Structures are given as structure tokens and as C-alpha cells.
>>> print(open('entry.csv').read())   # CSV, C-alpha atoms and all ligand atoms
chain,number,residue,atom,x,y,z
A,23,MET,CA,0.0,0.0,0.0
A,24,VAL,CA,1.1,3.5,-0.7
A,25,ARG,CA,1.3,5.7,2.3
A,26,LEU,CA,0.0,9.2,1.5
A,27,SER,CA,1.6,11.9,3.4
A,28,PRO,CA,-0.6,14.9,4.0
A,29,PHE,CA,0.8,17.1,1.3
A,30,GLU,CA,1.7,14.5,-1.2
A,31,PHE,CA,-1.5,13.1,-2.3
A,32,ILE,CA,-1.2,10.8,-5.2
A,33,LEU,CA,-4.1,10.1,-7.5
A,34,PHE,CA,-3.9,6.9,-9.3
A,35,MET,CA,-6.1,8.0,-12.1
A,36,GLY,CA,-7.2,5.1,-14.2
A,37,LEU,CA,-4.2,3.0,-13.1
A,38,ILE,CA,-5.7,0.9,-10.5
A,39,LEU,CA,-8.5,-1.1,-12.1
A,40,ILE,CA,-8.9,-3.6,-9.3
A,41,SER,CA,-11.2,-2.4,-6.7
A,42,ALA,CA,-9.8,-2.7,-3.2
A,43,PRO,CA,-12.4,-3.2,-0.5
A,44,GLY,CA,-12.9,-0.1,1.5
A,45,THR,CA,-11.5,2.3,-1.0
A,46,ARG,CA,-14.9,3.8,-1.6
A,47,ALA,CA,-16.0,5.1,1.8
A,48,TRP,CA,-16.6,8.7,2.8
A,49,SER,CA,-14.5,8.7,5.9
A,50,LYS,CA,-16.1,8.0,9.2
A,51,GLU,CA,-15.7,11.8,10.0
A,52,GLY,CA,-17.6,12.8,6.8
A,53,HIS,CA,-20.6,10.6,7.7
A,54,ILE,CA,-20.6,11.6,11.4
A,55,MET,CA,-20.7,15.3,10.4
A,56,THR,CA,-23.4,14.8,7.8
A,57,CYS,CA,-25.6,13.0,10.3
A,58,ARG,CA,-24.9,15.4,13.2
A,59,ILE,CA,-26.0,18.3,10.9
A,60,ALA,CA,-29.1,16.4,9.8
A,61,GLN,CA,-30.2,15.4,13.3
A,62,SER,CA,-29.8,19.0,14.6
A,63,LEU,CA,-32.2,20.2,11.9
A,64,LEU,CA,-35.0,17.6,12.5
A,65,GLU,CA,-38.5,18.8,13.4
A,66,SER,CA,-40.2,17.2,16.3
A,67,GLU,CA,-42.0,14.3,14.5
A,68,ALA,CA,-38.9,13.3,12.6
A,69,ALA,CA,-36.7,13.7,15.7
A,70,HIS,CA,-39.0,11.5,17.7
A,71,ALA,CA,-39.1,8.8,14.9
A,72,VAL,CA,-35.4,8.7,14.6
A,73,GLU,CA,-35.0,8.4,18.3
A,74,ASN,CA,-37.5,5.6,18.3
A,75,LEU,CA,-35.8,3.7,15.5
A,76,LEU,CA,-32.3,3.9,16.9
A,77,PRO,CA,-31.1,1.0,19.0
A,78,ASP,CA,-30.7,1.9,22.7
A,79,TYR,CA,-26.9,1.7,22.6
A,80,ALA,CA,-26.8,4.7,20.2
A,81,ASN,CA,-28.2,6.8,23.0
A,82,GLY,CA,-30.3,8.8,20.6
A,83,ASP,CA,-27.3,9.8,18.5
A,84,LEU,CA,-27.9,9.0,14.8
A,85,SER,CA,-24.3,9.9,13.9
A,86,ALA,CA,-23.0,7.1,16.1
A,87,LEU,CA,-24.4,4.6,13.5
A,88,CYS,CA,-24.2,6.5,10.2
A,89,VAL,CA,-21.0,4.6,9.3
A,90,TRP,CA,-22.6,1.2,10.0
A,91,PRO,CA,-23.4,0.5,6.4
A,92,ASP,CA,-19.6,0.7,5.6
A,93,GLN,CA,-18.8,-1.6,8.4
A,94,VAL,CA,-21.2,-4.4,7.2
A,95,ARG,CA,-20.9,-4.1,3.5
A,96,HIS,CA,-18.5,-7.0,3.2
A,97,TRP,CA,-20.3,-9.3,5.6
A,98,TYR,CA,-22.0,-12.1,3.9
A,99,ARG,CA,-25.5,-11.0,4.9
A,100,TYR,CA,-25.0,-7.5,3.6
A,101,ARG,CA,-22.8,-8.2,0.6
A,102,TRP,CA,-25.7,-7.2,-1.7
A,103,THR,CA,-25.4,-3.7,-0.4
A,104,SER,CA,-21.7,-3.1,-1.4
A,105,SER,CA,-22.6,-1.8,-4.8
A,106,LEU,CA,-25.0,0.7,-3.3
A,107,HIS,CA,-22.2,3.0,-2.1
A,108,PHE,CA,-21.2,4.5,-5.4
A,109,ILE,CA,-22.1,5.1,-9.0
A,110,ASP,CA,-19.8,4.4,-12.0
A,111,THR,CA,-20.3,6.8,-14.8
A,112,PRO,CA,-18.6,6.4,-18.2
A,113,ASP,CA,-15.1,7.9,-18.3
A,114,GLU,CA,-15.1,11.5,-19.3
A,115,ALA,CA,-18.8,11.7,-19.8
A,116,CYS,CA,-19.2,13.9,-16.7
A,117,THR,CA,-23.0,13.2,-16.6
A,118,PHE,CA,-25.2,10.9,-14.5
A,119,GLU,CA,-28.1,9.2,-16.2
A,120,PHE,CA,-30.1,6.9,-13.9
A,121,SER,CA,-31.1,4.4,-16.6
A,122,ARG,CA,-27.5,4.2,-18.0
A,123,ASP,CA,-25.5,4.3,-14.8
A,124,CYS,CA,-27.6,3.0,-11.9
A,125,HIS,CA,-26.7,-0.7,-11.8
A,126,ASP,CA,-24.2,-3.0,-10.2
A,127,SER,CA,-21.2,-4.6,-12.0
A,128,HIS,CA,-23.5,-7.4,-13.2
A,129,GLY,CA,-26.0,-5.0,-14.7
A,130,VAL,CA,-28.7,-5.4,-12.0
A,131,LYS,CA,-30.7,-2.2,-12.2
A,132,ASP,CA,-31.2,0.3,-9.3
A,133,MET,CA,-28.1,-1.0,-7.5
A,134,CYS,CA,-26.3,2.3,-6.9
A,135,ILE,CA,-26.5,5.1,-4.4
A,136,VAL,CA,-29.5,6.9,-6.0
A,137,GLY,CA,-31.4,3.6,-6.3
A,138,ALA,CA,-30.6,2.9,-2.7
A,139,ILE,CA,-31.8,6.3,-1.5
A,140,GLN,CA,-35.1,5.8,-3.4
A,141,ASN,CA,-35.6,2.3,-2.0
A,142,PHE,CA,-34.9,3.2,1.7
A,143,THR,CA,-37.0,6.4,1.4
A,144,SER,CA,-39.9,4.2,0.2
A,145,GLN,CA,-39.4,1.7,3.0
A,146,LEU,CA,-39.3,4.4,5.7
A,147,LEU,CA,-42.6,5.9,4.4
A,148,HIS,CA,-44.2,2.8,5.7
A,149,TYR,CA,-43.3,3.8,9.2
A,150,ARG,CA,-46.5,5.9,9.3
A,151,GLU,CA,-48.5,2.7,8.9
A,152,GLY,CA,-47.4,1.6,12.3
A,153,THR,CA,-45.2,-1.0,13.8
A,154,SER,CA,-47.4,-3.9,12.6
A,155,ASP,CA,-45.8,-3.6,9.2
A,156,ARG,CA,-42.8,-5.8,9.6
A,157,ARG,CA,-41.9,-6.2,5.9
A,158,HIS,CA,-39.0,-3.9,6.3
A,159,ASN,CA,-36.4,-3.3,9.0
A,160,MET,CA,-37.0,0.4,9.6
A,161,THR,CA,-33.9,0.8,11.7
A,162,GLU,CA,-31.7,-0.5,9.0
A,163,ALA,CA,-33.6,1.6,6.4
A,164,LEU,CA,-32.9,4.7,8.5
A,165,LEU,CA,-29.2,3.9,8.8
A,166,PHE,CA,-28.8,3.1,5.1
A,167,LEU,CA,-30.7,6.2,4.0
A,168,SER,CA,-28.6,8.4,6.3
A,169,HIS,CA,-25.4,6.9,5.1
A,170,PHE,CA,-26.2,7.1,1.4
A,171,LEU,CA,-27.2,10.7,1.6
A,172,GLY,CA,-23.6,11.2,2.7
A,173,ASP,CA,-22.2,9.1,-0.1
A,174,VAL,CA,-24.1,10.7,-2.9
A,175,HIS,CA,-22.6,14.0,-1.9
A,176,GLN,CA,-19.1,12.8,-2.0
A,177,PRO,CA,-18.2,13.9,-5.5
A,178,MET,CA,-15.9,11.0,-6.3
A,179,HIS,CA,-18.5,8.4,-5.3
A,180,VAL,CA,-20.1,9.4,-8.6
A,181,GLY,CA,-16.9,9.0,-10.6
A,182,PHE,CA,-15.4,7.6,-13.7
A,183,THR,CA,-15.6,3.8,-14.0
A,184,SER,CA,-11.9,3.3,-14.2
A,185,ASP,CA,-11.0,5.6,-11.3
A,186,GLU,CA,-10.3,4.1,-7.9
A,187,GLY,CA,-7.5,6.2,-6.4
A,188,GLY,CA,-9.2,9.6,-6.5
A,189,ASN,CA,-11.6,8.4,-3.9
A,190,THR,CA,-9.1,7.9,-1.1
A,191,VAL,CA,-8.0,11.5,-1.4
A,192,TRP,CA,-11.5,12.9,-1.4
A,193,ASP,CA,-12.9,10.3,1.1
A,194,ARG,CA,-10.3,10.7,3.8
A,195,GLU,CA,-7.2,12.8,3.1
A,196,ILE,CA,-8.9,16.1,2.6
A,197,ILE,CA,-11.0,15.9,5.7
A,198,LEU,CA,-8.2,14.4,7.9
A,199,THR,CA,-5.7,16.9,6.8
A,200,ALA,CA,-8.1,19.8,7.4
A,201,LEU,CA,-8.7,18.4,10.9
A,202,LYS,CA,-5.0,18.0,11.6
A,203,ASP,CA,-3.8,21.3,10.2
A,204,TYR,CA,-6.6,23.7,11.1
A,205,TYR,CA,-8.7,22.2,13.9
A,206,ASP,CA,-6.2,20.5,16.2
A,207,LYS,CA,-7.9,17.1,15.3
A,208,ASP,CA,-11.1,18.3,17.0
A,209,LEU,CA,-14.1,17.2,14.9
A,210,GLU,CA,-16.3,19.4,17.0
A,211,LEU,CA,-14.4,22.6,15.9
A,212,LEU,CA,-14.6,21.6,12.2
A,213,LEU,CA,-18.3,20.8,12.5
A,214,ASN,CA,-18.9,24.2,14.2
A,215,ASP,CA,-17.3,25.9,11.2
A,216,ILE,CA,-19.3,24.0,8.7
A,217,VAL,CA,-22.5,24.8,10.5
A,218,ALA,CA,-21.6,28.4,10.9
A,219,ASN,CA,-21.1,28.7,7.2
A,220,PHE,CA,-24.7,27.8,6.4
A,221,THR,CA,-26.5,29.2,9.5
A,222,ASP,CA,-24.9,32.6,9.3
A,223,GLY,CA,-22.1,32.6,6.7
A,224,ILE,CA,-21.1,32.2,3.1
A,225,TRP,CA,-23.7,29.5,2.3
A,226,TYR,CA,-26.6,31.0,4.2
A,227,ALA,CA,-28.4,32.4,1.1
A,228,ASP,CA,-28.0,29.0,-0.6
A,229,VAL,CA,-29.6,26.7,2.0
A,230,SER,CA,-33.2,27.1,0.8
A,231,SER,CA,-32.2,26.1,-2.7
A,232,TRP,CA,-30.3,23.0,-1.3
A,233,LYS,CA,-33.6,21.9,0.2
A,234,ASP,CA,-35.6,22.4,-2.9
A,235,CYS,CA,-37.2,19.1,-3.8
A,236,ASN,CA,-40.5,18.6,-5.6
A,237,ASN,CA,-40.3,14.8,-5.6
A,238,LEU,CA,-38.4,12.8,-3.0
A,239,HIS,CA,-37.9,10.0,-5.5
A,240,THR,CA,-36.2,12.0,-8.2
A,241,CYS,CA,-34.2,14.6,-6.2
A,242,PRO,CA,-31.3,12.2,-5.5
A,243,ASN,CA,-30.6,12.3,-9.3
A,244,LYS,CA,-29.8,16.0,-8.9
A,245,TYR,CA,-27.4,15.3,-6.0
A,246,ALA,CA,-25.6,12.7,-8.0
A,247,THR,CA,-25.4,15.0,-11.0
A,248,GLU,CA,-23.9,17.7,-8.8
A,249,SER,CA,-21.3,15.2,-7.6
A,250,ILE,CA,-20.1,14.1,-11.0
A,251,ASN,CA,-20.0,17.7,-12.1
A,252,ILE,CA,-17.7,18.5,-9.2
A,253,ALA,CA,-15.7,15.4,-9.7
A,254,CYS,CA,-15.0,16.5,-13.3
A,255,LYS,CA,-14.4,20.1,-12.5
A,256,TRP,CA,-12.3,19.7,-9.3
A,257,GLY,CA,-11.5,16.0,-8.8
A,258,TYR,CA,-10.0,14.9,-12.1
A,259,LYS,CA,-9.2,18.2,-13.8
A,260,GLY,CA,-5.6,19.1,-14.2
A,261,VAL,CA,-4.4,15.8,-12.6
A,262,LYS,CA,-2.4,13.2,-14.4
A,263,ALA,CA,-1.9,9.6,-13.5
A,264,GLY,CA,0.5,9.1,-10.6
A,265,GLU,CA,1.0,12.9,-10.2
A,266,THR,CA,1.9,14.2,-6.7
A,267,LEU,CA,-0.7,16.6,-5.6
A,268,ALA,CA,0.4,19.9,-4.1
A,269,ASP,CA,-0.9,22.1,-1.4
A,270,ASP,CA,-3.1,24.1,-3.8
A,271,TYR,CA,-5.0,21.0,-4.8
A,272,PHE,CA,-5.8,20.3,-1.2
A,273,ASN,CA,-6.6,24.0,-0.3
A,274,SER,CA,-8.9,24.6,-3.3
A,275,ARG,CA,-10.8,21.3,-2.7
A,276,MET,CA,-11.2,21.5,1.0
A,277,PRO,CA,-14.1,24.1,0.9
A,278,ILE,CA,-15.9,21.9,-1.6
A,279,VAL,CA,-15.7,18.8,0.6
A,280,MET,CA,-17.0,20.9,3.6
A,281,LYS,CA,-19.9,22.3,1.5
A,282,ARG,CA,-20.9,18.8,0.3
A,283,ILE,CA,-21.0,17.6,3.9
A,284,ALA,CA,-23.2,20.5,4.8
A,285,GLN,CA,-25.5,19.9,1.8
A,286,GLY,CA,-25.7,16.2,2.7
A,287,GLY,CA,-26.8,17.0,6.2
A,288,VAL,CA,-29.3,19.7,5.2
A,289,ARG,CA,-30.9,17.4,2.6
A,290,LEU,CA,-31.0,14.4,4.9
A,291,ALA,CA,-32.9,16.5,7.4
A,292,MET,CA,-35.3,17.7,4.7
A,293,ILE,CA,-36.0,14.1,3.6
A,294,LEU,CA,-36.5,12.8,7.1
A,295,ASN,CA,-38.7,15.7,8.0
A,296,ARG,CA,-40.9,15.0,5.0
A,297,ILE,CA,-40.9,11.2,5.5
A,298,PHE,CA,-41.8,11.5,9.2
A,299,GLY,CA,-43.6,14.8,9.2
A,300,ASP,CA,-47.3,15.0,9.9
A,301,SER,CA,-48.3,16.5,6.6
A,302,ASP,CA,-49.0,14.4,3.5
A,303,GLU,CA,-46.2,16.0,1.7
A,304,GLY,CA,-43.8,13.2,2.0
A,305,LEU,CA,-46.2,10.6,0.8
A,306,ALA,CA,-47.5,12.7,-2.0
A,307,THR,CA,-44.1,13.5,-3.4
A,308,ALA,CA,-42.5,10.1,-3.0
A,309,THR,CA,-44.4,8.4,-5.7
B,401,ZN,ZN,-20.6,4.3,1.9
>>> encode(input="entry.csv", output="C-alpha cells")
Amino acid sequence: MVRLSPFEFILFMGLILISAPGTRAWSKEGHIMTCRIAQSLLESEAAHAVENLLPDYANGDLSALCVWPDQVRHWYRYRWTSSLHFIDTPDEACTFEFSRDCHDSHGVKDMCIVGAIQNFTSQLLHYREGTSDRRHNMTEALLFLSHFLGDVHQPMHVGFTSDEGGNTVWDREIILTALKDYYDKDLELLLNDIVANFTDGIWYADVSSWKDCNNLHTCPNKYATESINIACKWGYKGVKAGETLADDYFNSRMPIVMKRIAQGGVRLAMILNRIFGDSDEGLATAT
């Protein structure tokens, strides 16, 4: 394995064709922050439902289990979920098309992040029908939905088919280096900065547009499209295979990673508020 030092990121663009387990996982920190943001924005019905669905050992903290889908993806029982963590789009296409791109490596349809978000959203909508409906495991559906809202906002999770290496940088190195260099490794401080940026700062005016969603079923397509656009504009651009990435790659991409974490959190809250809210909105717009 290549050890990436903080300022010498190396992207193996198109070189590593064999997928190494675990290379595609928004770091634990990315998922924790996405879910912390989301839970803080829940209205009372959704907050109550989430608390209700979490196992006791989570102590009411959704973020404690948001990384769970990454932990179980290689277990026999959950192996079917491993292709749900990403979307492969054609190299250089820089677009996402559900019918073309949302499938697993065997071509099974709907097996990608967007399909997973749709599926678990639909399952959670049954929550309102009461606990007698045991067809779905609502706790797992909540954890999967929360996790995949994070993944769909990680630009490189909607990447080129032949890329594997770029993910490591965007999944882990950017966040971990930011934590180390600017926040004394304190996730709380980094999270505070991200939250301040959308409650009162540079993204404040954009938040209502992040939440725009006429149809819970199709909105995830928009999030995936944003991700592949960012991957093309900022992830792959100007980078050659095996090149050592300098400080300016890191510095210019860090704010994008932070913004995607914020968007993932805000949108997860929007979705959960509509799924569990007492209006008919969630139901009406999910079909
Ligand atoms: Zn994942």
C-alpha cells in the first residue's frame, strides 16, 4: 500500500483497475458530520421517529451509527449492499443518467447510491403505517438512507468507471488533513465551522435552494449529477496519473468537501422531515 503523506496526495487515475475493498467510503468523519448536521435540523416528529428507530446503545445519536453500512458491506449478509455505495459513470462523460448508470457490476438495475436512497425512502414511508408492518427493517432503512445521503454528496463516489484512487484523497485525506492542520484534530471545531457557514455565513443564502425538492424520489438524481460535475471540475481536472498533488490541490478542494458535507446534512434532514412529518407532503411526493 502507498502511504499518502498529508501534502503529497497521489491520485492513481485510471491506473488501479482492481477495486480494493474499502477504497470507496466517505470517511467516518464525513458521515458523522453529515448525520450530526441532519439530526440538529429535525423537526419534532422526525426527531421522535429517529430516536424511536435507533437502538438503545446509540443513545439517541444518529451519527453514532451512520458509518454502520460501511462496516457491514463485506459481511455475507450485507454483501448485496456493497454496490450501493457508489455510481460508476462512463469515463469523461461527466454526466449521470439513472437508466444508464444506476446498476451493479452485473448490470442489475437500481443497484447504486441513488437507487438505494429511493428504496430506503420508500421503505421508511411505511413507518407511518405503524409497527405492525414488519416487511421492512425500519432501523436499517434509516441507517442506510442516512449513510447514502452522505455518499451521494461525495463527488468521487459518482466518478469515472476506471478511477479508484481519487476516492481515497476525497474520502479521507482532505478531511483528515483539514482536521489536523486547522482544527487540532477536533471534529467538533470543524463541524462548528461548517454549521456556521450555512446558518450565518457564506452559504446562508443557498440553504433554501439546497432543500428544494418537488419529488423525494427524483431529487437524489440531482445530487448525483452535482457530484459528477464537481468530480469533473475539481476532482479529475488538471491531474495526471501518478502525479503528486500539491498544497493548492488540497486547499482549493477543502471548501468543496465541507460544503458537500453541509448539503448532505441539510438534505438528509429535509428528507427525514418529510418522511416522518405529519403533513401528507412526504407521501404525495415520493411516488
Ligand atoms: Zn458508503
>>> closest_residue(input="entry.csv", among="A:Arg150, A:His107, A:Lys259, A:Lys50", to="ligand ZN 401 (chain B)", atoms="all atoms listed in the file")
A:His107
>>> residues_near_ligand(input="entry.csv", ligand="ligand ZN 401 (chain B)", cutoff="9 Å", atoms="all atoms listed in the file", output="compact mmCIF listing (two decimals) with C-alpha atoms, in the frame of the given file")
# COMPACT_ATOMS: atom_id res chain seq x y z
CA GLY A 44 -12.90 -0.10 1.50
CA ARG A 46 -14.90 3.80 -1.60
CA ALA A 47 -16.00 5.10 1.80
CA TRP A 48 -16.60 8.70 2.80
CA SER A 49 -14.50 8.70 5.90
CA HIS A 53 -20.60 10.60 7.70
CA VAL A 89 -21.00 4.60 9.30
CA TRP A 90 -22.60 1.20 10.00
CA PRO A 91 -23.40 0.50 6.40
CA ASP A 92 -19.60 0.70 5.60
CA GLN A 93 -18.80 -1.60 8.40
CA ARG A 95 -20.90 -4.10 3.50
CA SER A 104 -21.70 -3.10 -1.40
CA LEU A 106 -25.00 0.70 -3.30
CA HIS A 107 -22.20 3.00 -2.10
CA PHE A 108 -21.20 4.50 -5.40
CA ILE A 135 -26.50 5.10 -4.40
CA PHE A 166 -28.80 3.10 5.10
CA HIS A 169 -25.40 6.90 5.10
CA PHE A 170 -26.20 7.10 1.40
CA GLY A 172 -23.60 11.20 2.70
CA ASP A 173 -22.20 9.10 -0.10
CA VAL A 174 -24.10 10.70 -2.90
CA HIS A 179 -18.50 8.40 -5.30
>>> closest_atom_pairs(input="entry.csv", of="region 154-188 of chain A", to="region 268-292 of chain A", cutoff="7 Å", atoms="only C-alpha atoms", output="CSV")
residue,atom,partner,partner_atom,distance
A:Ser168,CA,A:Leu290,CA,6.6
A:Leu171,CA,A:Gly286,CA,5.8
A:Gly172,CA,A:Gly286,CA,5.4
A:His175,CA,A:Arg282,CA,5.5
A:Gln176,CA,A:Arg282,CA,6.7
>>> write_last_selection(input="entry.csv", atoms="C-alpha atoms", output="PDB file, keeping the file's coordinate frame")
ATOM      1  CA  SER A 168     -28.600   8.400   6.300  1.00  0.00           C
ATOM      2  CA  LEU A 171     -27.200  10.700   1.600  1.00  0.00           C
ATOM      3  CA  GLY A 172     -23.600  11.200   2.700  1.00  0.00           C
ATOM      4  CA  HIS A 175     -22.600  14.000  -1.900  1.00  0.00           C
ATOM      5  CA  GLN A 176     -19.100  12.800  -2.000  1.00  0.00           C
TER       6      GLN A 176
END
>>> residues_around(input="entry.csv", residues="Phe298 (chain A)", least_positions_apart="5", cutoff="10 Å", atoms="all atoms listed in the file", output="list in words")
Leu64, Glu65, Ser66, Glu67, Ala68, Ala69, His70, Ala71, Val72, Leu146, Leu147, His148, Tyr149, Arg150, Ile293, Glu303, Gly304 and Leu305 of chain A
>>> atom_distance(input="entry.csv", atom1="CA of Gly257 (chain A)", atom2="CA of Lys131 (chain A)")
26.7 Å
>>> closest_residue(input="entry.csv", among="A:Met133, A:Ile54, A:Val180, A:Leu167", to="Thr117 (chain A)", atoms="all atoms listed in the file")
A:Val180
>>> closest_residue(input="entry.csv", among="A:Met55, A:Leu84, A:Val217, A:Ala253", to="Met178 (chain A)", atoms="all atoms listed in the file")
A:Ala253
>>> closest_residue(input="entry.csv", among="A:Leu294, A:Cys254, A:Leu267, A:Asp228", to="Ile196 (chain A)", atoms="only C-alpha atoms")
A:Leu267
>>> atom_distance(input="entry.csv", atom1="CA of Asp193 (chain A)", atom2="CA of Gly181 (chain A)")
12.4 Å
>>> decode(input="entry.csv", residues="region 127-209 of chain A", atoms="C-alpha atoms", output="PDB file, in the first residue's frame")
ATOM      1  CA  SER A 127     -21.239  -4.632 -11.980  1.00  0.00           C
ATOM      2  CA  HIS A 128     -23.545  -7.434 -13.173  1.00  0.00           C
ATOM      3  CA  GLY A 129     -25.982  -4.952 -14.681  1.00  0.00           C
ATOM      4  CA  VAL A 130     -28.665  -5.383 -12.024  1.00  0.00           C
ATOM      5  CA  LYS A 131     -30.738  -2.223 -12.159  1.00  0.00           C
ATOM      6  CA  ASP A 132     -31.242   0.258  -9.310  1.00  0.00           C
ATOM      7  CA  MET A 133     -28.131  -1.020  -7.527  1.00  0.00           C
ATOM      8  CA  CYS A 134     -26.343   2.300  -6.943  1.00  0.00           C
ATOM      9  CA  ILE A 135     -26.472   5.129  -4.412  1.00  0.00           C
ATOM     10  CA  VAL A 136     -29.459   6.853  -5.992  1.00  0.00           C
ATOM     11  CA  GLY A 137     -31.439   3.631  -6.297  1.00  0.00           C
ATOM     12  CA  ALA A 138     -30.637   2.861  -2.670  1.00  0.00           C
ATOM     13  CA  ILE A 139     -31.818   6.284  -1.477  1.00  0.00           C
ATOM     14  CA  GLN A 140     -35.082   5.796  -3.367  1.00  0.00           C
ATOM     15  CA  ASN A 141     -35.568   2.305  -1.988  1.00  0.00           C
ATOM     16  CA  PHE A 142     -34.912   3.188   1.652  1.00  0.00           C
ATOM     17  CA  THR A 143     -37.001   6.357   1.385  1.00  0.00           C
ATOM     18  CA  SER A 144     -39.938   4.248   0.166  1.00  0.00           C
ATOM     19  CA  GLN A 145     -39.405   1.739   2.971  1.00  0.00           C
ATOM     20  CA  LEU A 146     -39.339   4.442   5.650  1.00  0.00           C
ATOM     21  CA  LEU A 147     -42.571   5.919   4.351  1.00  0.00           C
ATOM     22  CA  HIS A 148     -44.233   2.753   5.673  1.00  0.00           C
ATOM     23  CA  TYR A 149     -43.268   3.843   9.177  1.00  0.00           C
ATOM     24  CA  ARG A 150     -46.466   5.854   9.341  1.00  0.00           C
ATOM     25  CA  GLU A 151     -48.479   2.703   8.855  1.00  0.00           C
ATOM     26  CA  GLY A 152     -47.426   1.619  12.311  1.00  0.00           C
ATOM     27  CA  THR A 153     -45.196  -1.023  13.763  1.00  0.00           C
ATOM     28  CA  SER A 154     -47.424  -3.855  12.573  1.00  0.00           C
ATOM     29  CA  ASP A 155     -45.794  -3.562   9.157  1.00  0.00           C
ATOM     30  CA  ARG A 156     -42.779  -5.833   9.579  1.00  0.00           C
ATOM     31  CA  ARG A 157     -41.908  -6.223   5.930  1.00  0.00           C
ATOM     32  CA  HIS A 158     -39.005  -3.854   6.293  1.00  0.00           C
ATOM     33  CA  ASN A 159     -36.429  -3.313   8.967  1.00  0.00           C
ATOM     34  CA  MET A 160     -37.033   0.376   9.621  1.00  0.00           C
ATOM     35  CA  THR A 161     -33.914   0.820  11.722  1.00  0.00           C
ATOM     36  CA  GLU A 162     -31.687  -0.484   8.959  1.00  0.00           C
ATOM     37  CA  ALA A 163     -33.571   1.592   6.394  1.00  0.00           C
ATOM     38  CA  LEU A 164     -32.881   4.731   8.461  1.00  0.00           C
ATOM     39  CA  LEU A 165     -29.185   3.929   8.794  1.00  0.00           C
ATOM     40  CA  PHE A 166     -28.804   3.112   5.105  1.00  0.00           C
ATOM     41  CA  LEU A 167     -30.676   6.230   3.986  1.00  0.00           C
ATOM     42  CA  SER A 168     -28.612   8.430   6.319  1.00  0.00           C
ATOM     43  CA  HIS A 169     -25.383   6.872   5.108  1.00  0.00           C
ATOM     44  CA  PHE A 170     -26.184   7.082   1.408  1.00  0.00           C
ATOM     45  CA  LEU A 171     -27.186  10.749   1.637  1.00  0.00           C
ATOM     46  CA  GLY A 172     -23.579  11.235   2.717  1.00  0.00           C
ATOM     47  CA  ASP A 173     -22.156   9.073  -0.056  1.00  0.00           C
ATOM     48  CA  VAL A 174     -24.134  10.712  -2.867  1.00  0.00           C
ATOM     49  CA  HIS A 175     -22.626  14.048  -1.877  1.00  0.00           C
ATOM     50  CA  GLN A 176     -19.054  12.756  -2.007  1.00  0.00           C
ATOM     51  CA  PRO A 177     -18.161  13.908  -5.545  1.00  0.00           C
ATOM     52  CA  MET A 178     -15.875  10.992  -6.340  1.00  0.00           C
ATOM     53  CA  HIS A 179     -18.468   8.413  -5.331  1.00  0.00           C
ATOM     54  CA  VAL A 180     -20.136   9.396  -8.590  1.00  0.00           C
ATOM     55  CA  GLY A 181     -16.946   9.015 -10.567  1.00  0.00           C
ATOM     56  CA  PHE A 182     -15.408   7.568 -13.677  1.00  0.00           C
ATOM     57  CA  THR A 183     -15.634   3.822 -14.046  1.00  0.00           C
ATOM     58  CA  SER A 184     -11.873   3.320 -14.237  1.00  0.00           C
ATOM     59  CA  ASP A 185     -10.982   5.564 -11.308  1.00  0.00           C
ATOM     60  CA  GLU A 186     -10.325   4.103  -7.913  1.00  0.00           C
ATOM     61  CA  GLY A 187      -7.510   6.163  -6.433  1.00  0.00           C
ATOM     62  CA  GLY A 188      -9.168   9.569  -6.453  1.00  0.00           C
ATOM     63  CA  ASN A 189     -11.613   8.385  -3.874  1.00  0.00           C
ATOM     64  CA  THR A 190      -9.063   7.907  -1.149  1.00  0.00           C
ATOM     65  CA  VAL A 191      -7.987  11.530  -1.383  1.00  0.00           C
ATOM     66  CA  TRP A 192     -11.531  12.871  -1.366  1.00  0.00           C
ATOM     67  CA  ASP A 193     -12.913  10.347   1.106  1.00  0.00           C
ATOM     68  CA  ARG A 194     -10.282  10.685   3.751  1.00  0.00           C
ATOM     69  CA  GLU A 195      -7.202  12.766   3.110  1.00  0.00           C
ATOM     70  CA  ILE A 196      -8.857  16.145   2.604  1.00  0.00           C
ATOM     71  CA  ILE A 197     -10.957  15.881   5.750  1.00  0.00           C
ATOM     72  CA  LEU A 198      -8.216  14.371   7.884  1.00  0.00           C
ATOM     73  CA  THR A 199      -5.662  16.948   6.763  1.00  0.00           C
ATOM     74  CA  ALA A 200      -8.078  19.797   7.447  1.00  0.00           C
ATOM     75  CA  LEU A 201      -8.686  18.376  10.901  1.00  0.00           C
ATOM     76  CA  LYS A 202      -5.004  18.046  11.623  1.00  0.00           C
ATOM     77  CA  ASP A 203      -3.815  21.342  10.201  1.00  0.00           C
ATOM     78  CA  TYR A 204      -6.622  23.700  11.128  1.00  0.00           C
ATOM     79  CA  TYR A 205      -8.678  22.157  13.909  1.00  0.00           C
ATOM     80  CA  ASP A 206      -6.215  20.457  16.226  1.00  0.00           C
ATOM     81  CA  LYS A 207      -7.862  17.128  15.270  1.00  0.00           C
ATOM     82  CA  ASP A 208     -11.061  18.269  16.954  1.00  0.00           C
ATOM     83  CA  LEU A 209     -14.061  17.208  14.876  1.00  0.00           C
TER      84      LEU A 209
END
